[in-house]
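Peer 1: Okay, here's the structure, questions in a sec.
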Amino acid sequence: MTLRFIGTTSEHGNCPTLYEVVETGDIVVQGDQLTNHENLAQLRDVGEHETFVVIPRELLTRLAPKE
């Protein structure tokens with residue numbers, strides 16, 4: 001898998017950040033891990049291999065590819 005940096009709204013190289021998988025066009029999101037048990041209990045159909053991150057809406061609306 002080859003990742004292409006799309007952009008970030010953070011300063012000093014911290015997350016959150018978006019990347020594109022070059023081969024598929026899928027998006028990889030880097031952000032703070034969601035760890036609050038009450039919040040995690042609200043999620044549906046969670047696979048054992050899945051994790052969740054929190055990112056600002058601005059990151060997606062400003063930087064997510066439109067295609």
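Following the order of the structure tokens, chains are lettered A, B, ..., residues in each are numbered from 1, and ligands are numbered from 1.
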Could you list, as a list in words, every residue within 10 Å of stretch 48-65 of chain A, counting only C-alpha atoms and ignoring same-chain residues fewer than 3 positions away?
Peer 2: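 Listing them by chain and then by number gives Ile6, Gly7, Thr8, Thr9, Ser10, Cys15, Pro16, Thr17, Leu18, Tyr19, Glu20, Gly25, Asp26, Ile27, Val29, Gln30, Gly31, Asp32, Gln33, Leu34, Thr35, Leu40, Leu43 and Asp45 of chain A.
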Peer 1: Using DSSP on the backbone, list every residue of chain A that comes out as alpha helix (DSSP H), and give them as an NGL selection string.
Peer 2: :A and (37-40 or 57-63)
Peer 1: Please, could you write that set of residues out with N, CA and C atoms as a PDB file, in the first residue's frame?
Peer 2:
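See part-v7.pdb below for the written result:
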ATOM      1  N   HIS A  37     -15.320   4.587  27.085  1.00  0.00           N
ATOM      2  CA  HIS A  37     -16.144   3.370  27.004  1.00  0.00           C
ATOM      3  C   HIS A  37     -17.609   3.676  26.708  1.00  0.00           C
ATOM      4  N   GLU A  38     -18.140   4.761  27.224  1.00  0.00           N
ATOM      5  CA  GLU A  38     -19.535   5.122  26.940  1.00  0.00           C
ATOM      6  C   GLU A  38     -19.713   5.467  25.468  1.00  0.00           C
ATOM      7  N   ASN A  39     -18.745   6.176  24.884  1.00  0.00           N
ATOM      8  CA  ASN A  39     -18.817   6.504  23.463  1.00  0.00           C
ATOM      9  C   ASN A  39     -18.663   5.257  22.606  1.00  0.00           C
ATOM     10  N   LEU A  40     -17.715   4.398  22.952  1.00  0.00           N
ATOM     11  CA  LEU A  40     -17.488   3.173  22.190  1.00  0.00           C
ATOM     12  C   LEU A  40     -18.710   2.263  22.209  1.00  0.00           C
ATOM     13  N   ARG A  57     -14.224  18.212  12.008  1.00  0.00           N
ATOM     14  CA  ARG A  57     -14.986  18.275  10.757  1.00  0.00           C
ATOM     15  C   ARG A  57     -14.254  19.107   9.706  1.00  0.00           C
ATOM     16  N   GLU A  58     -13.579  20.164  10.150  1.00  0.00           N
ATOM     17  CA  GLU A  58     -12.865  21.058   9.232  1.00  0.00           C
ATOM     18  C   GLU A  58     -11.839  20.295   8.390  1.00  0.00           C
ATOM     19  N   LEU A  59     -11.211  19.295   8.970  1.00  0.00           N
ATOM     20  CA  LEU A  59     -10.220  18.527   8.223  1.00  0.00           C
ATOM     21  C   LEU A  59     -10.851  17.875   7.003  1.00  0.00           C
ATOM     22  N   LEU A  60     -12.016  17.300   7.167  1.00  0.00           N
ATOM     23  CA  LEU A  60     -12.695  16.651   6.037  1.00  0.00           C
ATOM     24  C   LEU A  60     -13.248  17.648   5.045  1.00  0.00           C
ATOM     25  N   THR A  61     -13.894  18.702   5.526  1.00  0.00           N
ATOM     26  CA  THR A  61     -14.527  19.643   4.604  1.00  0.00           C
ATOM     27  C   THR A  61     -13.504  20.460   3.826  1.00  0.00           C
ATOM     28  N   ARG A  62     -12.328  20.652   4.406  1.00  0.00           N
ATOM     29  CA  ARG A  62     -11.314  21.454   3.726  1.00  0.00           C
ATOM     30  C   ARG A  62     -10.396  20.620   2.860  1.00  0.00           C
ATOM     31  N   LEU A  63     -10.086  19.389   3.280  1.00  0.00           N
ATOM     32  CA  LEU A  63      -9.033  18.647   2.612  1.00  0.00           C
ATOM     33  C   LEU A  63      -9.440  17.346   1.944  1.00  0.00           C
TER      34      LEU A  63
END
Peer 1: Give me, as a VMD selection string, the residues of chain A that a backbone DSSP run labels strand (DSSP E).
Peer 2: chain A and resid 3 to 8 17 to 21 27 to 30 32 to 33 53 to 54
